[in-house]
Amino acid sequence: MPIIATAGGDGKTFTPAPEGVHQAVAVDVIDMGLKPNPFKPGTQQHKIDIAWQIAERRDDNKPYLVYKRYTLSLNEKATLRHDLESWRGRPFTREEEMGFDVESIIGANCLVNVQHKKSQDGTKTFANVMSVMPLLKNMPKIAAEGYERKVAEPDGHNPHVSDEAVAQGMDDAGGPPHLTDDDIPFAWLMPLVVPAVGLLGSLSLLA
């Protein structure tokens with residue numbers, strides 16, 4: 001999900017992560033709560049932001065952070081499902097579809113493809129996570145460094161995520177909104193958990 005280059009209102013600036021394919025480690029899953037669905041008035045979608053630290057470092061020697069926003073859904077057309085299956089290199093089983101704890105990805109390594117995109121007014125640059133892929137065979141893993149897990153602000157706003165992408169109903173700023181069953185809200189679910197029956201699924205990425 002996009003990283004905003006200039007934080008709204010406080011004058012602080014952020015350098016977006018460089019473009020290209022980077023090794024990354026998942027460091028957070030932020031529950032953004034229910035968001036209005038601009039394409040289905042009167043309905044809402046349960047949104048989450050996944051955050052990664054990448055191996056590339058900023059001028060202050062801290063790792064860059066990148067984010068991507070998802071609808072909390074394992075529908076076969078959902079962006080979350082697509083990225084998780086690409087990440088782990090295999091599809092979800094029927095049992096896993098019944099319940100998957102998204103926070104189980106924290107600490108897992110992957111490769112992320114980052115592309116830059118300017119805001120419509122040209123004043124901001126976003127680092128968009130376009131795809132998530134597994135590590136190459138025998139590639140050493142990296143660990144999170146100095147990251148404290150975030151809690152969404154009371155209004156459900158993440159200052160690192162593009163307001164333009166949110167306003168347009170996009171799961172990522174690099175493509176059109178997904179007008180599929182992914183739009184069904186999960187108001188009755190426990191936060192960050194796709195509906196569970198029995199044991200929750202696991203990515204098995206940490207092995």
# chains A, B, ... in the order shown; residues from 1 in each chain; ligands from 1
call {"tool": "residues_around", "arguments": {"residues": "Phe92 in chain A", "least_positions_apart": "4", "cutoff": "12 Å", "atoms": "only C-alpha atoms", "output": "ChimeraX atom specification"}}
result
/A:74-76,80-88,96-100,201-204
call {"tool": "residues_around", "arguments": {"residues": "range 138-149 of chain A", "least_positions_apart": "6", "cutoff": "10 Å", "atoms": "only C-alpha atoms", "output": "ChimeraX atom specification"}}
result
/A:23-30,51-55,62-63,65,106-110,206
call {"tool": "write_last_selection", "arguments": {"atoms": "N, CA, C and O atoms", "output": "tab-separated table (two decimals), in the first residue's frame"}}
result
chain	number	residue	atom	x	y	z
A	23	GLN	N	14.05	-7.42	-0.73
A	23	GLN	CA	13.76	-8.36	0.34
A	23	GLN	C	13.08	-7.60	1.46
A	23	GLN	O	13.41	-6.45	1.76
A	24	ALA	N	12.09	-8.25	2.09
A	24	ALA	CA	11.31	-7.56	3.12
A	24	ALA	C	10.92	-8.54	4.21
A	24	ALA	O	10.90	-9.76	4.02
A	25	VAL	N	10.59	-7.98	5.38
A	25	VAL	CA	10.06	-8.76	6.49
A	25	VAL	C	8.78	-8.07	6.96
A	25	VAL	O	8.75	-6.86	7.14
A	26	ALA	N	7.73	-8.84	7.13
A	26	ALA	CA	6.47	-8.29	7.62
A	26	ALA	C	6.62	-7.90	9.08
A	26	ALA	O	7.08	-8.71	9.91
A	27	VAL	N	6.25	-6.67	9.42
A	27	VAL	CA	6.43	-6.18	10.79
A	27	VAL	C	5.12	-5.81	11.46
A	27	VAL	O	5.08	-5.63	12.68
A	28	ASP	N	4.04	-5.70	10.70
A	28	ASP	CA	2.79	-5.28	11.34
A	28	ASP	C	1.60	-5.62	10.47
A	28	ASP	O	1.69	-5.67	9.23
A	29	VAL	N	0.47	-5.84	11.13
A	29	VAL	CA	-0.84	-5.90	10.50
A	29	VAL	C	-1.71	-4.96	11.32
A	29	VAL	O	-1.98	-5.20	12.49
A	30	ILE	N	-2.12	-3.85	10.72
A	30	ILE	CA	-2.84	-2.79	11.42
A	30	ILE	C	-4.32	-2.89	11.07
A	30	ILE	O	-4.70	-2.83	9.91
A	51	ALA	N	2.39	-3.95	6.90
A	51	ALA	CA	3.62	-3.16	6.84
A	51	ALA	C	4.82	-4.10	6.75
A	51	ALA	O	4.87	-5.13	7.43
A	52	TRP	N	5.77	-3.71	5.92
A	52	TRP	CA	7.03	-4.44	5.78
A	52	TRP	C	8.21	-3.50	5.98
A	52	TRP	O	8.17	-2.34	5.56
A	53	GLN	N	9.28	-3.98	6.57
A	53	GLN	CA	10.58	-3.33	6.49
A	53	GLN	C	11.33	-4.00	5.34
A	53	GLN	O	11.31	-5.22	5.21
A	54	ILE	N	12.00	-3.18	4.51
A	54	ILE	CA	12.79	-3.75	3.43
A	54	ILE	C	14.27	-3.67	3.76
A	54	ILE	O	14.68	-2.92	4.66
A	55	ALA	N	15.07	-4.44	3.05
A	55	ALA	CA	16.51	-4.49	3.35
A	55	ALA	C	17.20	-3.17	3.03
A	55	ALA	O	18.20	-2.81	3.67
A	62	LYS	N	18.19	3.47	8.97
A	62	LYS	CA	17.01	2.69	9.35
A	62	LYS	C	16.39	2.10	8.10
A	62	LYS	O	16.43	2.69	7.02
A	63	PRO	N	15.79	0.91	8.22
A	63	PRO	CA	15.18	0.31	7.02
A	63	PRO	C	13.94	1.08	6.58
A	63	PRO	O	13.20	1.62	7.41
A	65	LEU	N	10.15	1.54	5.32
A	65	LEU	CA	8.88	0.87	5.56
A	65	LEU	C	8.00	1.03	4.33
A	65	LEU	O	7.95	2.10	3.73
A	106	ILE	N	3.49	-11.92	10.55
A	106	ILE	CA	4.49	-11.03	11.14
A	106	ILE	C	5.78	-11.82	11.40
A	106	ILE	O	5.76	-12.90	11.99
A	107	GLY	N	6.90	-11.30	10.92
A	107	GLY	CA	8.19	-11.97	11.03
A	107	GLY	C	8.56	-12.77	9.80
A	107	GLY	O	9.71	-13.20	9.67
A	108	ALA	N	7.60	-12.97	8.89
A	108	ALA	CA	7.87	-13.75	7.67
A	108	ALA	C	8.56	-12.88	6.63
A	108	ALA	O	8.25	-11.71	6.47
A	109	ASN	N	9.50	-13.49	5.90
A	109	ASN	CA	10.23	-12.80	4.84
A	109	ASN	C	9.55	-13.00	3.49
A	109	ASN	O	8.83	-13.98	3.26
A	110	CYS	N	9.83	-12.07	2.58
A	110	CYS	CA	9.31	-12.17	1.22
A	110	CYS	C	10.10	-11.21	0.33
A	110	CYS	O	11.03	-10.54	0.79
A	206	LEU	N	7.27	-19.17	8.32
A	206	LEU	CA	8.35	-18.90	9.26
A	206	LEU	C	9.29	-20.09	9.43
A	206	LEU	O	10.28	-19.99	10.13
